[in-house]
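Visitor: Pasting a structure below so you can have a look.
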Amino acid sequence: MKVTSLLAARAARTHRKAWAAAFAALVLTSALLGTFAIAVASAGLGHARVERYAAADLVVAGDQHTRYTTKPWGSKPETATTGLTERVRVPERAVDVVRAVPGVRRAVADRVFPVGDAGRAATGRPWEAARLAPYALRDGRAPRHDREVVVSGGHTTGARVTLRGGDADTTYRVVGTAHGPRAAVYFTAAEARRLAGRAGTVDAVGVETAPGTRTGDVYDRVRAALDEAGLRGADRRAAGDAAGLRVLTGNGRGAAEHLAAAPARAGLLELLGAVAGSVVLVAALVVSSTVAQALRQRAHELGLLRAVGATPRQLRGAVGREVGRVATAAALLGAVLAVPAHAGLRALLDARDALPAGLELPSPAWLLAAPLGTAGVTVLIARAAALFGCARTAKARPAEALREPEPGTARRVTGLVLLGVGVTSAGTAALQHGRTAAAAASAAALTMVIGCALLGPWIARGALRVLGGPMRRAGGTGGHLAAANCAATAGRLGAAVTPVVLVTAFMGVQLSAGATTAHEGREQLRDAARADLVVHVDGGLPAGAVERLRAAPGVRAAVEVVHSTVVVARREAGSPRLDRLPVLGVTAPGLRRALDPGVTDGTLARLRPGAVAVSRERARDLGAGVGSAVSLRLGDGTAARLRVVAVYERGLGVGDFLLSRDQLVRHMSGGGPARRRVLAATERPGAPAAVRAVVPGARLSRGAAAVRDAVRVAPADQALADVVTGAVVAAIGGFTAIAVLSTLALIGVGRRPELALLRRVGAGRAQLRRMLRLEAGAVALTGLTVGTAVALIPLTAFTLTATGALPRLPLPLAALIVTLTVTTTYAGTLLPTRAALRGRYPTR
């Protein structure tokens with residue numbers, strides 16, 4: 001123990017400069033993993049914000065989840081669950097059932113629906129539901145008659161307002177003003193029931209318990225009463241979906257208000273889980289490479305200790321303690337830096353509006369201790385890399401310990417196997433969808449990078465056979481020196497190439513996959529959007545507005561468009577999976593004049609309730625064609641078996657499914673009418689005036705860009721995914737760039753005696769600088785070439801399947817990767833050797 005402690009302490013002091021590069025890599029590793037840990041924990045604690053039901057002790061709401069159960073191969077049945085974005089309704093008779101439960105003081109039915117108020121969107125609710133917040137009167141009184149309202153802002157008591165609810169305009173008298181959010185309008189219970197529609201159902205039931213009763217006891221009674229009454233969510237017909245009504249308490253009450261919060265939280269956790277493997281693998285690879293290189297610089301020193309009698313256990317103990325000291329300090333510093341890094345990520349999410357309204361991601365003080373756990377993981381990775389790096393020297397017999405170790409056959413075979421596994425795994429990306437496919441492509445690239453790391457010396461030798469001749473011919477004496485040095489130290493060159501391959505392959509896959517998909521989507525949407533005018537009315541379109549627009553002078557076609565989601569149940573490697581996809585609901589008359597999805601089979605004229613049009617890629621995945629049936633779950637979880645009437649080719653532009661507007665609207669939340677748009681194809685400049693005459697109060701947006709914005713289908717959490725993915729790519733890209741710099745700096749520190757010797761035997765500074773530049777160029781060129789090849793294999797499999805196009809990378813992003821690689825390579829090669837080139841020769 002004393003011997004190992006002494007060796008570790010002396011080595012740590014002696015090799016401070018060599019460990020500085022490893023220290024930087026370990027700090028960044030710990031900071032990245034710590035930031036990731038806080039983000040995952042915060043998302044795990046996330047919940048919907050409680051606002052409208054803050055004063056309710058319990059809330060009865062529909063179960064906003066749909067489930068799919070299947071039995072994987074040779075395993076027990078598994079169930080997949082995903083959130084629903086449209087409200088699952090509560091049967092109105094549930095109000096009476098809850099009201100009769102002992103301990104319930106009051107049960108209030110809540111209905112939420114859109115209304116148009118003087119050209120702006122507002123939210124309508126029954127006045128009784130205001131007490132659930134509670135929102136109290138500031139002035140006036142409660143509404144008593146159907147033509148009386150209470151408003152939360154913008155009007156004064158006694159004024160008359162014209163509101164659009166449903167498909168008609170009605171004039172009301174303001175009898176009071178209340179606290180609460182602006183643009184809220186409160187009606188009598190009867191008027192709210194009429195305007196909300198959906199007879200026999202409510203949005204939620206707010207419950208106030210009697211004084212002196214425990215909320216937990218009332219919860220049990222309400223749950224039992226609902227079960228005994230046999231109440232289920234309205235229109236729930238999904239086979240095997242036994243979900244019913246939920247009784248919510250505490251922070252769970254917010255789920256009844258903010259429907260997008262729970263799916264967004266689940267999507268964030270899924271996204272973080274998808275990149276978790278990549279983050280850990282990259283961190284382990286970078287740390288292992290850096291630590292191994294630091295030990296490789298001292299191979300002769302370790303061999304000498306072994307030769308003079310140090311036992312393998314003493315060597316391993318000394319190296320482990322030495323690395324442990326460096327790693328512990330670096331990991332703790334990284335853990336501290338993880339806190340502001342996570343704060344920066346949250347600020348970026350807020351600045352981009354990437355989080356849906358109502359989603360709370362708490363960060364309690366105790367959560368800040370999470371990076372300490374990842375700091376421990378960082379230390380373990382470093383110690384494992386150290387023990388692996390010195391294993392060969394420690395096991396060698398003393399007489400052989402001073403020999404330069406040569407890469408063994410096992411390393412070569414393992415590297416080739418990993419390359420084969422990576423190539424095979426790239427095919428998995430072609431069988432997946434969306435983010436899962438992108439994650440599979442990234443994992444395949446990382447597997448191949450690890451294979452390249454093991455095959456580094458052989459890759460370096462192969463590269464030198466190609467580059468050696470040009471280096472000698474073009475570089476003069478410096479070129480001869482560079483070629484000879486690279487040929488003699490292929491292992492060192494291989495270690496330098498590995499991080500370059502990693503940064504090129506990882507950033508190439510992540511950036512190119514998204515850029516290719518986005519580009520193809522934009523191109524398809526541009527070709528599909530034929531309209532030139534978008535018509536929107538706050539509070540919903542008046543009855544018959546679309547028909548009147550079609551007859552308006554100068555209007556060739558008018559198509560109503562609504563956005564919603566559907567859920568597709570499928571198997572993935574035998575396990576159940578639910579994909580929530582954005583979809584369009586459209587009216588069929590004149591559709592191809594306003595929106596042309598590129599039909600290749602069938603006809604859109606038969607698109608009506610009970611029918612669906614499917615993109616060519618999704619039809620292939622489902623094994624569907626014109627005349628066959630596909631099973632979908634609509635936005636509120638209702639199962640529907642729809643007949644395919646058309647197959648189209650522009651799925652990336654308009655989505656995988658086109659449904660009838662009428663069918664989709666029946667399963668949309670109260671905000672459905674407000675989310676409708678009309679796409680109009682006009683043929684003369686005076687058409688907008690005719691449109692305004694037909695639909696008074698309409699807001700018009702003209703131009704191709706406005707039409708594309710109205711049609712564009714994207715997951716609700718697309719902005720969240722873009723921000724998180726971009727942040728992860730930037731962090732890991734910068735992290736691996738630092739790894740390139742650190743590895744080359746370690747190599748440069750070890751080469752100072754070599755360069756000093758070359759100076760003493762007559763080599764000039766210019767010759768040595770040229771030699772170093774040519775070596776850096778060889779490293780950069782080899783790394784970029786191999787990294788590009790590693791990235792192209794999974795990328796091509798992914799993009800050909802997902803988009804039908806070859807991978808593409810915008811020129812600025814490609815230039816960024818090349819510039820980052822070349823800059824760090826040259827800096828890492830030249831900066832550590834400045835002292836030797838100036839003539840100050842090291843004594844060690």
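Residues in the structure tokens are named by chain (A, B, ... in the order shown) and by number from 1 within that chain; ligands are numbered from 1 in the order shown.
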Where in stretch 456-630 of chain A does DSSP assign alpha helix (DSSP H), given as a PyMOL selection string?
Guide: chain A and resi 456-488+490-528+545-550+591-594+616-622
Visitor: Run DSSP on the backbone of this structure and report the residues of stretch 102-152 of chain A it assigns to strand (DSSP E or B), as an MDAnalysis selection string.
Guide: chainID A and resid 104:110 113:117 120:126 137:140 148:151
Visitor: Between A:Leu591, A:Leu285, A:Ala640, A:Ala255, which one has atoms that come closest to A:Thr85, using only C-alpha atoms?
Guide: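 The closest residue to A:Thr85 is A:Ala255.
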Visitor: Give me the residues within 9 Å of A:Val586 as a list in words, counting only C-alpha atoms and dropping any in the same chain fewer than 4 places off.
Guide: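 Non-adjacent residues within range: Val559, Glu560, Val561, Val562, Leu591, Leu607, Leu658, Leu659, Ser660, Arg661, Asp662 and Leu664 of chain A.
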Visitor: Quick one: everything within 8 Å of stretch 228-231 of chain A, counting only C-alpha atoms, minus sequence neighbours fewer than 4 positions away in the same chain. Send it as a list in words.
Guide: Pro91, Ala94, Val97, Ala224, Gly244 and Leu245 of chain A
Visitor: Based on the selection just made, write all heavy atoms of those residues as an mmCIF file, in the first residue's frame.
Guide:
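Writing the result to result31.cif gives the following:
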```cif
data_model
loop_
_atom_site.group_PDB
_atom_site.id
_atom_site.type_symbol
_atom_site.label_atom_id
_atom_site.label_comp_id
_atom_site.auth_asym_id
_atom_site.auth_seq_id
_atom_site.Cartn_x
_atom_site.Cartn_y
_atom_site.Cartn_z
ATOM 1 N N PRO A 91 -68.452 11.653 -18.971
ATOM 2 C CA PRO A 91 -69.919 11.614 -19.033
ATOM 3 C C PRO A 91 -70.530 12.564 -18.008
ATOM 4 O O PRO A 91 -70.097 12.621 -16.853
ATOM 5 C CB PRO A 91 -70.250 10.152 -18.722
ATOM 6 C CG PRO A 91 -69.020 9.398 -19.081
ATOM 7 C CD PRO A 91 -67.876 10.318 -18.779
ATOM 8 N N ALA A 94 -71.512 11.729 -14.423
ATOM 9 C CA ALA A 94 -70.495 11.574 -13.393
ATOM 10 C C ALA A 94 -70.598 12.677 -12.352
ATOM 11 O O ALA A 94 -70.223 12.487 -11.190
ATOM 12 C CB ALA A 94 -69.100 11.573 -14.017
ATOM 13 N N VAL A 97 -72.973 11.471 -9.777
ATOM 14 C CA VAL A 97 -72.375 10.379 -9.010
ATOM 15 C C VAL A 97 -71.400 10.931 -7.975
ATOM 16 O O VAL A 97 -71.413 10.537 -6.798
ATOM 17 C CB VAL A 97 -71.662 9.386 -9.951
ATOM 18 C CG1 VAL A 97 -70.884 8.345 -9.151
ATOM 19 C CG2 VAL A 97 -72.664 8.702 -10.869
ATOM 20 N N ALA A 224 -64.287 4.683 -5.861
ATOM 21 C CA ALA A 224 -65.168 3.532 -5.735
ATOM 22 C C ALA A 224 -66.538 3.804 -6.344
ATOM 23 O O ALA A 224 -67.130 2.938 -7.003
ATOM 24 C CB ALA A 224 -65.316 3.137 -4.266
ATOM 25 N N GLY A 244 -60.385 4.252 -17.835
ATOM 26 C CA GLY A 244 -61.638 4.928 -17.541
ATOM 27 C C GLY A 244 -61.376 6.337 -17.093
ATOM 28 O O GLY A 244 -60.476 7.003 -17.599
ATOM 29 N N LEU A 245 -62.161 6.815 -16.149
ATOM 30 C CA LEU A 245 -61.965 8.156 -15.620
ATOM 31 C C LEU A 245 -60.878 8.149 -14.562
ATOM 32 O O LEU A 245 -60.675 7.164 -13.856
ATOM 33 C CB LEU A 245 -63.280 8.662 -15.024
ATOM 34 C CG LEU A 245 -64.478 8.702 -15.979
ATOM 35 C CD1 LEU A 245 -65.687 9.291 -15.279
ATOM 36 C CD2 LEU A 245 -64.147 9.506 -17.227
#
```
Visitor: What's the separation between atom CA of A:Leu372 and atom CA of A:Arg316, in Å to one decimal place?
Guide: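 That distance, rounded to one decimal, is 25.5 Å.
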Visitor: Which residue is closest to A:Glu683? Choose from A:Leu380, A:Val161, A:Ala531, A:Ala745 and count only C-alpha atoms.
Guide: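 Among A:Leu380, A:Val161, A:Ala531, A:Ala745, it is A:Ala531 that comes nearest to A:Glu683.
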Visitor: Would you mind reading off the distance between atom CA of A:Leu132 and atom CA of A:Arg164, one decimal, in Å?
Guide: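 Distance between the two atoms: 25.2 Å.
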Visitor: Excluding stretch 104-112 of chain A and residues on its chain fewer than 6 positions from it, collect all residues at most 6 Å away from it, counting only C-alpha atoms, and give them as a PyMOL selection string.
Guide: chain A and resi 124-125+129+202-210
Visitor: Could those selected residues go to a file with N, CA, C and O atoms, as a short mmCIF file (atom, residue, chain, number, x, y, z; two decimals), in the first residue's frame?
Guide:
```
data_model
loop_
_atom_site.label_atom_id
_atom_site.label_comp_id
_atom_site.auth_asym_id
_atom_site.auth_seq_id
_atom_site.Cartn_x
_atom_site.Cartn_y
_atom_site.Cartn_z
N GLY A 124 -64.16 30.39 -23.21
CA GLY A 124 -65.43 30.41 -22.50
C GLY A 124 -65.53 29.28 -21.50
O GLY A 124 -65.02 28.17 -21.73
N ARG A 125 -66.20 29.57 -20.35
CA ARG A 125 -66.42 28.58 -19.30
C ARG A 125 -67.71 28.92 -18.55
O ARG A 125 -68.15 30.08 -18.57
N ALA A 129 -67.58 27.32 -12.61
CA ALA A 129 -66.23 26.75 -12.63
C ALA A 129 -65.16 27.74 -12.21
O ALA A 129 -64.03 27.35 -11.89
N VAL A 202 -68.83 16.51 -20.19
CA VAL A 202 -68.16 17.71 -19.68
C VAL A 202 -66.66 17.51 -19.82
O VAL A 202 -66.19 16.39 -20.06
N ASP A 203 -65.92 18.60 -19.66
CA ASP A 203 -64.46 18.49 -19.75
C ASP A 203 -63.88 17.85 -18.49
O ASP A 203 -62.98 17.01 -18.57
N ALA A 204 -64.35 18.28 -17.34
CA ALA A 204 -63.84 17.77 -16.07
C ALA A 204 -64.84 18.11 -14.98
O ALA A 204 -65.75 18.92 -15.18
N VAL A 205 -64.65 17.49 -13.83
CA VAL A 205 -65.49 17.74 -12.67
C VAL A 205 -64.58 18.14 -11.52
O VAL A 205 -63.71 17.35 -11.10
N GLY A 206 -64.73 19.39 -11.06
CA GLY A 206 -63.95 19.85 -9.91
C GLY A 206 -64.68 19.51 -8.61
O GLY A 206 -65.89 19.71 -8.51
N VAL A 207 -63.96 19.01 -7.63
CA VAL A 207 -64.56 18.53 -6.38
C VAL A 207 -63.98 19.30 -5.21
O VAL A 207 -62.75 19.39 -5.07
N GLU A 208 -64.85 19.86 -4.39
CA GLU A 208 -64.46 20.47 -3.12
C GLU A 208 -64.94 19.56 -1.99
O GLU A 208 -66.11 19.15 -1.98
N THR A 209 -64.05 19.22 -1.08
CA THR A 209 -64.42 18.33 0.02
C THR A 209 -65.02 19.13 1.17
O THR A 209 -64.76 20.33 1.32
N ALA A 210 -65.83 18.44 1.97
CA ALA A 210 -66.45 19.09 3.12
C ALA A 210 -65.41 19.39 4.18
O ALA A 210 -64.40 18.66 4.31
#
```
Visitor: With distances taken over only C-alpha atoms, which residue among A:Leu800, A:Val497, A:Leu248, A:Ala225 lies nearest A:Pro102?
Guide: A:Ala225
Visitor: In terms of the shortest atom-to-atom distance over only C-alpha atoms, which of A:Ala551, A:Leu259, A:Val723, A:Val612 is closest to A:Gly344?
Guide: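 Comparing A:Ala551, A:Leu259, A:Val723, A:Val612 against A:Gly344, the winner is A:Val723.
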Visitor: What's around A:Gly153 at 10 Å? Count only C-alpha atoms, leave out sequence neighbours fewer than 5 positions away in its own chain, and write the answer as a list in words.
Guide: Thr177, Ala178, His179, Gly180, Pro181, Arg182, Ala183, Ala184 and Val185 of chain A
Visitor: Smallest atom-to-atom distance to A:Phe113: which of A:Met668, A:Val568, A:Leu33, A:Val377, using only C-alpha atoms?
Guide: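 For A:Phe113, the nearest of the candidates is A:Met668.
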